[in-house]
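Okay, run.cif is below, mmCIF, C-alpha atoms:
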data_run
#
loop_
_atom_site.label_atom_id
_atom_site.label_comp_id
_atom_site.auth_asym_id
_atom_site.auth_seq_id
_atom_site.Cartn_x
_atom_site.Cartn_y
_atom_site.Cartn_z
CA MET A 1 -11.97 23.62 -61.01
CA SER A 2 -10.29 21.63 -63.70
CA LEU A 3 -11.90 21.03 -67.06
CA GLY A 4 -12.44 17.40 -66.10
CA ASP A 5 -14.26 18.28 -62.88
CA THR A 6 -16.33 20.89 -64.71
CA LEU A 7 -17.40 18.36 -67.30
CA ARG A 8 -18.18 15.90 -64.53
CA LEU A 9 -20.35 18.48 -62.82
CA LEU A 10 -22.13 19.43 -66.05
CA ARG A 11 -22.77 15.79 -66.81
CA ALA A 12 -24.16 15.24 -63.31
CA LYS A 13 -26.52 18.16 -63.85
CA ARG A 14 -27.74 16.40 -66.99
CA GLY A 15 -28.88 13.56 -64.79
CA GLY A 16 -26.72 10.56 -65.39
CA ILE A 17 -25.94 10.74 -69.07
CA THR A 18 -22.91 8.61 -69.85
CA PRO A 19 -19.71 9.63 -71.65
CA LEU A 20 -20.56 7.19 -74.40
CA GLU A 21 -23.95 8.79 -74.90
CA ILE A 22 -22.29 12.19 -75.12
CA GLU A 23 -19.84 10.94 -77.73
CA THR A 24 -22.71 9.42 -79.64
CA ALA A 25 -24.72 12.63 -79.49
CA THR A 26 -21.77 14.76 -80.62
CA THR A 27 -19.00 14.44 -83.17
CA LEU A 28 -16.32 13.71 -80.59
CA PRO A 29 -14.02 10.80 -81.34
CA LYS A 30 -14.59 7.67 -79.33
CA GLY A 31 -12.94 7.82 -75.91
CA LEU A 32 -12.03 11.50 -76.04
CA TYR A 33 -14.75 12.71 -73.71
CA ARG A 34 -13.90 10.11 -71.09
CA GLN A 35 -10.26 11.18 -71.23
CA MET A 36 -11.16 14.86 -70.99
CA GLU A 37 -13.19 14.14 -67.90
CA GLN A 38 -10.98 11.64 -66.17
CA ARG A 39 -7.40 12.42 -67.07
CA TYR A 40 -5.41 14.43 -64.58
CA ARG A 41 -3.64 16.30 -67.31
CA ALA A 42 -5.43 18.67 -69.64
CA VAL A 43 -7.00 16.91 -72.60
CA GLY A 44 -8.92 18.61 -75.37
CA ASP A 45 -8.56 21.29 -77.98
CA ASP A 46 -10.63 24.24 -79.14
CA ALA A 47 -12.70 22.16 -81.53
CA SER A 48 -13.70 19.56 -78.98
CA LEU A 49 -14.38 22.25 -76.38
CA ARG A 50 -16.68 24.08 -78.77
CA VAL A 51 -18.60 20.86 -79.38
CA LEU A 52 -19.02 20.33 -75.65
CA ALA A 53 -19.89 23.97 -74.99
CA ASP A 54 -22.69 23.63 -77.51
CA PHE A 55 -23.80 20.35 -76.03
CA TYR A 56 -23.96 21.68 -72.47
CA ALA A 57 -25.09 25.15 -73.54
CA VAL A 58 -22.32 26.94 -71.67
CA PRO A 59 -19.91 29.61 -72.92
CA PHE A 60 -16.89 28.23 -74.72
CA GLU A 61 -14.57 30.49 -72.70
CA ASP A 62 -15.89 29.02 -69.48
CA LEU A 63 -14.45 25.67 -70.53
CA TRP A 64 -11.41 26.90 -72.41
CA TRP A 65 -9.58 28.67 -69.58
CA ARG A 66 -9.80 25.58 -67.41
CA LEU A 67 -7.33 23.76 -69.61
CA ASP A 68 -4.65 25.78 -67.86
CA TRP A 69 -5.71 24.54 -64.41
CA PRO A 70 -5.62 20.75 -64.54
CA ARG A 71 -5.60 18.52 -61.50
CA LYS A 72 -1.93 17.74 -61.94
CA ALA A 73 -1.08 21.41 -61.62
CA LEU A 74 -2.93 21.60 -58.31
CA SER A 75 -1.08 18.53 -57.05
CA ARG A 76 2.20 20.12 -58.00
CA ALA A 77 1.35 23.34 -56.21
CA LEU A 78 0.25 21.43 -53.10
CA VAL A 79 3.46 19.41 -53.06
CA VAL A 80 5.62 22.49 -53.35
CA CYS A 81 3.73 24.43 -50.67
CA MET A 82 3.74 21.48 -48.31
CA ARG A 83 7.45 20.92 -48.90
CA ASP A 84 8.31 24.58 -48.44
CA LYS A 85 5.86 25.02 -45.58
CA SER A 86 4.46 28.02 -47.37
CA PRO A 87 0.77 28.95 -47.51
CA ILE A 88 -1.37 28.39 -50.53
CA THR A 89 -4.45 30.33 -51.50
CA LEU A 90 -7.35 28.53 -53.09
CA TYR A 91 -10.01 30.44 -54.99
CA LEU A 92 -13.14 28.34 -54.70
CA TRP A 93 -16.00 28.17 -57.13
CA ASN A 94 -18.52 29.50 -54.61
CA GLY A 95 -16.53 32.71 -54.37
CA GLN A 96 -14.70 31.88 -51.17
CA THR A 97 -10.98 32.26 -50.78
CA VAL A 98 -9.11 30.02 -48.39
CA THR A 99 -5.48 30.49 -47.43
CA GLY A 100 -3.44 28.22 -45.25
CA LEU A 101 -0.65 25.74 -44.82
CA VAL A 102 -1.19 22.36 -46.45
CA GLN A 103 -1.65 19.70 -43.78
CA TRP A 104 -2.43 16.85 -46.11
CA TRP A 105 -3.81 16.28 -49.57
CA ASP A 106 -4.95 13.33 -51.55
CA LEU A 107 -7.05 12.40 -54.50
CA GLY A 108 -10.17 14.18 -53.36
CA ALA A 109 -9.42 16.81 -50.79
CA VAL A 110 -6.84 19.01 -49.15
CA GLN A 111 -6.70 20.21 -45.56
CA LEU A 112 -5.44 23.70 -44.89
CA GLU A 113 -4.59 25.31 -41.60
CA SER A 114 -5.36 29.00 -41.64
CA ALA A 115 -3.36 31.63 -39.82
CA ASP A 116 -5.79 31.54 -36.89
CA GLY A 117 -5.39 27.80 -36.54
CA GLU A 118 -8.64 26.74 -38.13
CA LEU A 119 -8.54 23.50 -40.05
CA VAL A 120 -10.66 23.32 -43.16
CA VAL A 121 -11.00 20.46 -45.62
CA VAL A 122 -11.50 21.69 -49.17
CA GLN A 123 -12.71 19.45 -51.94
CA ARG A 124 -10.15 19.66 -54.70
CA HIS A 125 -12.71 19.99 -57.42
CA ALA A 126 -13.96 23.19 -55.73
CA ALA A 127 -10.67 24.98 -56.30
CA GLU A 128 -11.02 27.07 -59.44
CA ARG A 129 -7.56 28.57 -59.24
CA TRP A 130 -4.76 28.77 -56.74
CA GLU A 131 -1.76 30.82 -55.85
CA PRO A 132 1.16 30.28 -56.11
CA ARG A 133 1.37 28.07 -59.15
CA ALA A 134 4.26 25.68 -59.43
CA PRO A 135 6.25 25.17 -62.60
CA GLU A 136 6.15 21.74 -64.18
CA ASP A 137 9.70 20.95 -63.16
CA ALA A 138 9.19 22.07 -59.58
CA VAL A 139 8.77 18.52 -58.35
CA ALA A 140 11.19 15.81 -59.31
CA MET K 141 25.07 -98.33 -64.36
CA ALA K 142 27.13 -95.14 -64.21
CA GLU K 143 27.06 -92.83 -67.20
CA ASN K 144 29.30 -90.10 -68.48
CA LEU K 145 28.47 -86.70 -67.12
CA TRP K 146 28.11 -85.15 -70.57
CA VAL K 147 25.71 -87.94 -71.60
CA LEU K 148 23.48 -87.34 -68.62
CA ARG K 149 23.57 -83.58 -69.25
CA GLU K 150 22.58 -83.94 -72.90
CA GLN K 151 19.83 -86.38 -71.98
CA LYS K 152 18.40 -83.71 -69.72
CA LYS K 153 18.90 -81.15 -72.52
CA LEU K 154 20.95 -78.89 -70.34
CA SER K 155 23.82 -76.71 -71.35
CA VAL K 156 27.09 -76.74 -69.49
CA ALA K 157 26.33 -73.30 -68.18
CA THR K 158 22.91 -74.33 -66.93
CA LEU K 159 24.28 -77.36 -65.20
CA ALA K 160 27.03 -75.29 -63.66
CA GLY K 161 24.47 -72.81 -62.44
CA ARG K 162 22.21 -75.47 -60.96
CA ALA K 163 25.09 -77.27 -59.27
CA GLY K 164 26.77 -74.12 -58.15
CA LEU K 165 30.05 -75.11 -59.74
CA PRO K 166 32.34 -73.29 -62.18
CA ILE K 167 31.71 -73.93 -65.86
CA GLY K 168 35.35 -74.72 -66.44
CA LEU K 169 35.24 -77.39 -63.79
CA ILE K 170 32.18 -78.99 -65.38
CA MET K 171 33.98 -79.05 -68.72
CA GLU K 172 37.01 -80.66 -67.16
CA TYR K 173 34.77 -83.31 -65.56
CA GLU K 174 33.02 -83.98 -68.89
CA SER K 175 36.25 -84.21 -70.82
CA GLY K 176 37.70 -86.64 -68.33
CA GLN K 177 40.58 -84.37 -67.60
CA ARG K 178 39.59 -84.54 -64.00
CA GLY K 179 37.60 -87.03 -61.98
CA VAL K 180 34.44 -85.76 -60.30
CA ASP K 181 35.21 -84.69 -56.80
CA VAL K 182 33.24 -86.69 -54.29
CA ARG K 183 32.18 -83.42 -52.66
CA HIS K 184 30.55 -82.37 -55.94
CA ILE K 185 28.88 -85.60 -56.89
CA SER K 186 25.82 -84.98 -54.82
CA ARG K 187 25.37 -81.47 -56.27
CA LEU K 188 25.63 -82.75 -59.81
CA ALA K 189 23.21 -85.57 -59.08
CA ARG K 190 20.60 -83.16 -57.73
CA ALA K 191 21.12 -80.82 -60.65
CA LEU K 192 20.61 -83.65 -63.15
CA TYR K 193 17.79 -85.41 -61.17
CA VAL K 194 19.75 -88.66 -61.11
CA GLU K 195 21.22 -90.88 -58.47
CA GLU K 196 24.78 -90.24 -57.43
CA SER K 197 25.66 -93.71 -58.53
CA GLU K 198 24.51 -92.97 -62.06
CA ILE K 199 27.33 -90.45 -62.56
CA LYS K 200 30.60 -91.88 -63.68
CA LEU K 201 33.39 -90.52 -61.54
CA ARG K 202 35.61 -89.99 -64.56
CA SER K 203 33.84 -89.39 -67.83
CA ASP K 204 35.06 -90.63 -71.15
CA PRO K 205 35.87 -87.97 -73.66
CA ARG K 206 33.15 -87.20 -76.19
CA PRO K 207 33.88 -89.17 -79.36
CA GLY K 208 35.48 -87.03 -82.06
CA ALA K 209 36.10 -84.20 -79.70
CA GLY K 210 39.57 -83.16 -78.86
CA THR K 211 40.66 -82.07 -75.55
CA LEU K 212 38.48 -79.26 -74.45
CA GLU K 213 40.19 -76.23 -73.28
CA ARG K 214 38.78 -73.63 -71.08
CA GLN K 215 37.30 -70.88 -73.20
CA PRO K 216 37.29 -67.53 -71.60
CA HIS K 217 34.59 -65.97 -73.80
CA ARG K 218 31.57 -67.42 -75.54
CA GLU K 219 32.30 -65.24 -78.59
CA ALA K 220 35.55 -67.07 -79.05
CA VAL K 221 33.80 -70.29 -79.94
CA ARG K 222 31.30 -68.79 -82.32
CA PRO K 223 31.72 -69.79 -85.91
CA PRO K 224 33.23 -67.09 -88.05
CA VAL K 225 30.66 -64.93 -89.78
CA GLU K 226 31.04 -64.18 -93.44
CA PRO K 227 31.67 -60.50 -93.77
CA THR K 228 29.20 -58.46 -95.78
CA PRO K 229 30.45 -56.59 -98.81
CA THR K 230 30.12 -53.35 -96.97
CA GLU K 231 32.16 -54.58 -94.08
CA THR K 232 34.69 -55.99 -96.45
CA ALA K 233 35.08 -52.64 -98.09
CA ARG K 234 35.44 -50.88 -94.79
CA PRO K 235 39.07 -50.32 -93.87
CA PRO K 236 40.20 -52.01 -90.73
CA ARG K 237 39.66 -49.95 -87.64
CA ASP K 238 42.81 -49.03 -86.02
CA ARG K 239 42.83 -46.91 -82.94
CA ALA K 240 46.29 -45.75 -83.75
CA LEU K 241 45.03 -44.20 -86.98
CA ARG K 242 42.23 -42.24 -85.35
CA PRO K 243 42.77 -38.52 -85.14
CA PRO K 244 43.29 -37.47 -81.56
CA ARG K 245 40.25 -36.07 -79.88
CA PRO K 246 40.43 -32.35 -79.27
CA VAL K 247 41.03 -31.55 -75.67
CA SER K 248 37.87 -29.97 -74.29
CA THR K 249 38.56 -26.55 -72.89
CA PRO K 250 36.01 -24.82 -70.63
CA ARG K 251 33.79 -22.40 -72.56
CA PRO K 252 34.13 -18.76 -71.60
CA PRO K 253 31.10 -17.53 -69.62
CA LEU K 254 28.50 -15.67 -71.61
CA PRO K 255 28.08 -11.98 -70.88
CA ALA K 256 25.06 -10.91 -68.88
CA ARG K 257 21.93 -10.20 -70.84
CA PRO K 258 20.92 -6.54 -71.14
CA SER K 259 17.63 -7.43 -69.48
CA GLN K 260 19.55 -8.80 -66.48
CA ILE K 261 21.51 -5.58 -66.11
CA THR K 262 18.31 -3.53 -66.38
CA HIS K 263 16.65 -5.73 -63.80
CA VAL K 264 19.61 -5.38 -61.44
CA GLN K 265 19.52 -1.60 -61.80
CA ASP K 266 15.79 -1.58 -61.14
CA LEU K 267 16.18 -3.65 -57.98
CA LEU K 268 19.04 -1.44 -56.79
CA GLY K 269 16.78 1.55 -57.27
CA ARG K 270 14.07 -0.08 -55.20
CA LEU K 271 16.58 -0.93 -52.50
CA GLY K 272 17.93 2.60 -52.56
CA ARG K 273 21.47 1.36 -53.14
CA PRO K 274 23.72 3.27 -55.50
CA GLN K 275 25.06 1.28 -58.42
CA VAL K 276 28.60 2.49 -57.74
CA GLU K 277 28.52 0.91 -54.30
CA VAL K 278 27.49 -2.48 -55.67
CA GLU K 279 30.06 -2.29 -58.45
CA ALA K 280 32.72 -1.61 -55.83
CA GLU K 281 31.60 -4.73 -53.95
CA LEU K 282 31.70 -6.77 -57.12
CA GLY K 283 35.00 -5.32 -58.23
CA LYS K 284 33.75 -4.69 -61.73
CA PRO K 285 31.06 -2.70 -63.53
CA LEU K 286 27.65 -4.30 -63.89
CA ALA K 287 28.09 -4.32 -67.64
CA GLU K 288 31.03 -6.71 -67.29
CA LEU K 289 29.15 -9.30 -65.27
CA ASP K 290 28.73 -12.69 -66.84
CA ARG K 291 25.36 -14.32 -67.09
CA VAL K 292 25.75 -16.58 -64.07
CA ALA K 293 27.10 -13.82 -61.84
CA ALA K 294 24.26 -11.52 -62.88
CA SER K 295 21.78 -14.27 -62.08
CA HIS K 296 23.28 -14.78 -58.62
CA LEU K 297 23.22 -11.04 -57.99
CA LEU K 298 19.55 -10.89 -58.99
CA VAL K 299 18.69 -13.70 -56.62
CA LYS K 300 20.50 -11.91 -53.80
CA LEU K 301 18.81 -8.57 -54.46
CA GLN K 302 15.38 -10.16 -54.76
CA ALA K 303 15.93 -11.87 -51.42
CA GLU K 304 16.81 -8.51 -49.87
CA ILE K 305 13.64 -6.99 -51.24
CA LYS K 306 11.62 -9.92 -49.95
CA GLU K 307 13.12 -9.40 -46.52
CA GLY K 308 12.15 -5.75 -46.68
CA LYS K 309 15.70 -4.42 -46.63
CA PHE K 310 14.86 -1.18 -48.32
CA PRO K 311 14.20 2.28 -46.97
CA GLU K 312 10.74 3.58 -46.37
CA ARG K 313 8.89 3.87 -49.61
CA HIS K 314 9.02 7.30 -51.07
CA ARG K 315 5.60 8.79 -51.25
CA ALA K 316 4.38 8.79 -54.78
CA TYR K 317 3.99 12.30 -56.00
CA LEU K 318 1.60 11.53 -58.80
CA PRO K 319 -0.89 10.00 -59.10
CA GLU K 320 -2.52 11.05 -55.88
CA ALA K 321 -4.68 7.99 -55.37
CA VAL K 322 -2.18 6.29 -53.08
CA ASP K 323 -3.23 8.24 -49.99
CA GLN K 324 -6.52 8.26 -48.18
CA TYR K 325 -6.19 11.21 -45.87
CA GLU K 326 -9.75 12.36 -46.33
CA SER K 327 -11.00 8.85 -45.70
CA ARG K 328 -9.03 8.69 -42.45
CA TYR K 329 -10.23 12.12 -41.44
CA LEU K 330 -13.86 11.20 -41.99
CA THR K 331 -13.42 7.85 -40.25
CA ALA K 332 -12.01 9.59 -37.19
CA ALA K 333 -14.83 12.14 -37.26
CA GLN K 334 -17.42 9.40 -37.57
CA GLN K 335 -15.95 7.38 -34.72
CA ALA K 336 -15.68 10.43 -32.49
CA GLY K 337 -19.18 11.58 -33.38
CA ASP K 338 -17.83 14.95 -34.47
CA VAL K 339 -20.19 17.52 -35.92
CA LEU K 340 -18.92 19.01 -39.16
CA HIS K 341 -19.86 22.21 -40.87
CA PHE K 342 -20.30 21.69 -44.60
CA THR K 343 -20.37 24.48 -47.18
CA LEU K 344 -22.06 23.60 -50.44
CA PHE K 345 -21.61 25.01 -53.93
CA ASP K 346 -24.46 27.46 -53.51
CA ASN K 347 -23.02 28.65 -50.19
CA THR K 348 -25.68 26.90 -48.16
CA ALA K 349 -24.46 25.30 -44.97
CA VAL K 350 -25.18 21.85 -43.66
CA ILE K 351 -24.26 20.95 -40.11
CA GLY K 352 -24.35 17.40 -39.00
CA ALA K 353 -22.55 14.38 -37.61
CA VAL K 354 -20.92 12.02 -40.07
CA ILE K 355 -22.61 8.66 -39.95
CA GLY K 356 -21.13 7.27 -43.14
CA PHE K 357 -19.27 8.12 -46.26
CA GLY K 358 -18.23 6.69 -49.56
CA GLN K 359 -16.16 7.64 -52.51
CA TYR K 360 -18.74 10.06 -53.84
CA ASN K 361 -20.85 11.12 -50.88
CA ILE K 362 -20.99 11.78 -47.17
CA THR K 363 -24.03 10.92 -45.09
CA VAL K 364 -24.73 13.14 -42.10
CA ARG K 365 -27.31 13.22 -39.32
CA LEU K 366 -28.81 16.66 -38.99
CA ALA K 367 -29.95 18.43 -35.86
CA ASP K 368 -33.55 17.31 -36.36
CA GLY K 369 -32.44 13.67 -36.46
CA SER K 370 -32.91 13.28 -40.17
CA GLU K 371 -30.18 11.89 -42.35
CA THR K 372 -29.02 13.31 -45.63
CA ALA K 373 -26.42 12.24 -48.16
CA LEU K 374 -24.23 15.00 -49.50
CA ASN K 375 -22.72 14.47 -52.92
CA LYS K 376 -19.04 15.35 -52.69
CA LEU K 377 -19.34 17.10 -56.00
CA ALA K 378 -21.70 19.56 -54.33
CA ILE K 379 -19.43 20.13 -51.34
CA VAL K 380 -16.92 22.96 -51.39
CA SER K 381 -15.40 22.53 -47.96
CA TYR K 382 -16.08 21.35 -44.48
CA THR K 383 -14.61 22.05 -41.12
CA LYS K 384 -14.93 21.03 -37.53
CA PRO K 385 -16.10 24.02 -35.52
CA ALA K 386 -13.84 25.05 -32.70
CA ALA K 387 -14.69 23.86 -29.20
CA GLY K 388 -17.46 25.89 -27.66
CA LYS K 389 -18.86 26.82 -31.05
CA GLU K 390 -20.27 23.38 -31.83
CA PRO K 391 -23.97 23.39 -32.55
CA THR K 392 -26.06 20.73 -30.87
CA VAL K 393 -27.11 17.85 -33.08
#
Represent the structure contained in this file as structure tokens.
Amino acid sequence: MSLGDTLRLLRAKRGGITPLEIETATTLPKGLYRQMEQRYRAVGDDASLRVLADFYAVPFEDLWWRLDWPRKALSRALVVCMRDKSPITLYLWNGQTVTGLVQWWDLGAVQLESADGELVVVQRHAAERWEPRAPEDAVA
Amino acid sequence: MAENLWVLREQKKLSVATLAGRAGLPIGLIMEYESGQRGVDVRHISRLARALYVEESEIKLRSDPRPGAGTLERQPHREAVRPPVEPTPTETARPPRDRALRPPRPVSTPRPPLPARPSQITHVQDLLGRLGRPQVEVEAELGKPLAELDRVAASHLLVKLQAEIKEGKFPERHRAYLPEAVDQYESRYLTAAQQAGDVLHFTLFDNTAVIGAVIGFGQYNITVRLADGSETALNKLAIVSYTKPAAGKEPTV
């Protein structure tokens, strides 16, 4: 799960607090939180992550490592695997692991076909990590 | 008693031109009648009488010349009889205008066409990209590089390319890689499942399972009808995955 999706989930657990209210309650610059949550590329640095970790009462490391797994990186990996007709493995946040060929993907979900022919639709935000990763210049 | 034509005309306070216009006769002819150079033609007497509101018999067939006036000659232009105007000092000082002394006008040569604007070239390249046509190919058609087009030629080329785009003469649009919002595969999948009444097996973030038929969905949630007939809305944020059970393994809803 990307940092943005994680922040979205944490905010939902807080019961509808708005990004503006979070920025007001913390020392984050105006607009930064919204960008961290909504941008598809990784936004944020150690200082801002520490502020948010304190705010949500979660470990800093639990937010920090997610900067390396932004939504764009998942899109890139899906494009490459779909193009090369090679399987991708998704490590989901409930502990499941799903492997299969990419049938389609879009903004919210990806459909994989497993080796036994089962089709499963995975919500993109549920993918914590994936394998293989694609380099940034893998897709023109 | 018959009267001279010019006397009758002046009594009526008409000019020669006005009389000529009313009678439908040439001015010069009227002047010749008034000067006595020519006797009034019997074919014209009635016209002149109507124009002057007199009887035909009142017009003398040959008028006597106006006293003190010489023989009138036909004057081609009114300006010729105007009295000379005293020239103003300025006009006096002005040298006489002589066409022969004027410098010859420069012969107008056609202006060379202006080169195409950089924005036109950029626009052309953008349209070629959208049409999927290589620039080299178009330059070969034109016989010159795009950069050497003049402004008018570039404008014509733009019009032509825009018309081609309007007509849809471009290859199938390349699927946008990023951002991902252009496709709606999940939406189509759920629509098909809803229309077919498919039962889906949802796995939530805490590994609980929800099995139900899709009866609606939105951007952030999916509403399903459970086996007991109740309906529940699943927040997509809480969903990890869902699948359609294989045939024969479908639970009854």
TODO: Can you turn the PyMOL selection byres ((chain A) within 10 of (chain K)) into a concrete residue list for this file, as JSON, numbers by chain?
DONE: {"A": [5, 6, 8, 9, 12, 40, 71, 72, 75, 76, 79, 92, 93, 94, 95, 96, 98, 103, 104, 105, 106, 107, 108, 109, 110, 111, 117, 118, 119, 120, 121, 122, 123, 124, 125, 126, 127, 139, 140]}
TODO: Find the residues around Asp181 in chain K up to 10 Å (only C-alpha atoms counted), leave out those fewer than 5 positions away in its own chain, and share them as a count of residues only.
DONE: 4
I'd like the residues picked by the PyMOL selection byres ((chain K and resi 182) around 12) written out as a list in words, using the chain letters and numbers from the file.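 After applying the PyMOL selection byres ((chain K and resi 182) around 12), what remains is Tyr173, Arg178, Gly179, Val180, Asp181, Arg183, His184, Ile185, Ser186, Arg187, Leu188, Ala189, Glu196, Ser197, Ile199, Lys200, Leu201 and Arg202 of chain K.
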Practice problem: In Å, rounded to a single decimal, give me how far CA of Glu136 in chain A is from CA of Leu268 in chain K. | Solution: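 Distance between the two atoms: 27.5 Å.
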Problem set entry | Residues selected by the PyMOL selection byres ((chain A and resi 134) around 6), written as a PyMOL selection string | chain A and resi 77+133+135
Exercise. Find the distance between CA of Ser86 in chain A and CA of Leu67 in chain A and write it in Å to one decimal.
Key: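 Value for the CA of Ser86 in chain A-CA of Leu67 in chain A distance: 25.5 Å.
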Point to revise | Long-range neighbours of Val43 in chain A as a VMD selection string, 12 Å cut-off, all atoms listed in the file, 2 positions minimum in chain | key: chain A and resid 2 to 4 7 31 to 41 45 to 49 63 to 64 66 to 72
Could you check how far CA of Ile17 in chain A sits from CA of Val354 in chain K, in Å to one decimal?
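Going from CA of Ile17 in chain A over to CA of Val354 in chain K, I get 29.5 Å.
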Show which residues sit within 8 Å of Trp146 in chain K, as a VMD selection string. Count only C-alpha atoms, and ignore same-chain residues fewer than 6 positions away. chain K and resid 174 203 206
Could you save the residues just selected, with C-alpha atoms, as a PDB file, keeping the file's coordinate frame?
ATOM      1  CA  GLU K 174      33.020 -83.980 -68.890  1.00  0.00           C
ATOM      2  CA  SER K 203      33.840 -89.390 -67.830  1.00  0.00           C
ATOM      3  CA  ARG K 206      33.150 -87.200 -76.190  1.00  0.00           C
TER       4      ARG K 206
END
Env of Phe60 in chain A: 8 Å cut, atoms = only C-alpha atoms, seq-sep filter 6 positions within chain, self excluded. Answer as a compact mmCIF listing (two decimals) with C-alpha atoms, keeping the file's coordinate frame.
# COMPACT_ATOMS: atom_id res chain seq x y z
CA LEU A 49 -14.38 22.25 -76.38
CA ARG A 50 -16.68 24.08 -78.77
CA ALA A 53 -19.89 23.97 -74.99
CA ASP A 54 -22.69 23.63 -77.51
**Item:** Residue nearest Ala256 in chain K among K:His296, K:Arg242, K:Lys152, K:Arg270 (counting all atoms listed in the file)
**Value:**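 Under the stated criterion, the closest residue is K:His296.
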Box for range 107-117 of chain A: with edges along x, y and z, all listed atoms inside and 8 Å added on each side, what are the centre and edge lengths in Å to one decimal, as lines of an AutoDock Vina configuration file?
center_x = -6.8
center_y = 22.0
center_z = -45.5
size_x = 22.8
size_y = 35.2
size_z = 34.0
- Message: Just want the 9 Å neighbourhood of Glu131 in chain A, counted on all atoms listed in the file, with same-chain residues fewer than 5 positions away dropped. Output as a ChimeraX atom specification.
- Response: /A:77,87-91
Original post:
What would the list of residues within 12 Å of (26.1, -74.9, -66.8) (file frame) look like as a PyMOL selection string, if all atoms listed in the file are what count?
Top reply: chain K and resi 146+149-150+153-171+174+188+191-192
Between A:Thr99, A:Thr26, A:Pro132, A:Asp137, which one has atoms that come closest to Tyr56 in chain A, using only C-alpha atoms?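 Closest to Tyr56 in chain A, using only C-alpha atoms: A:Thr26.
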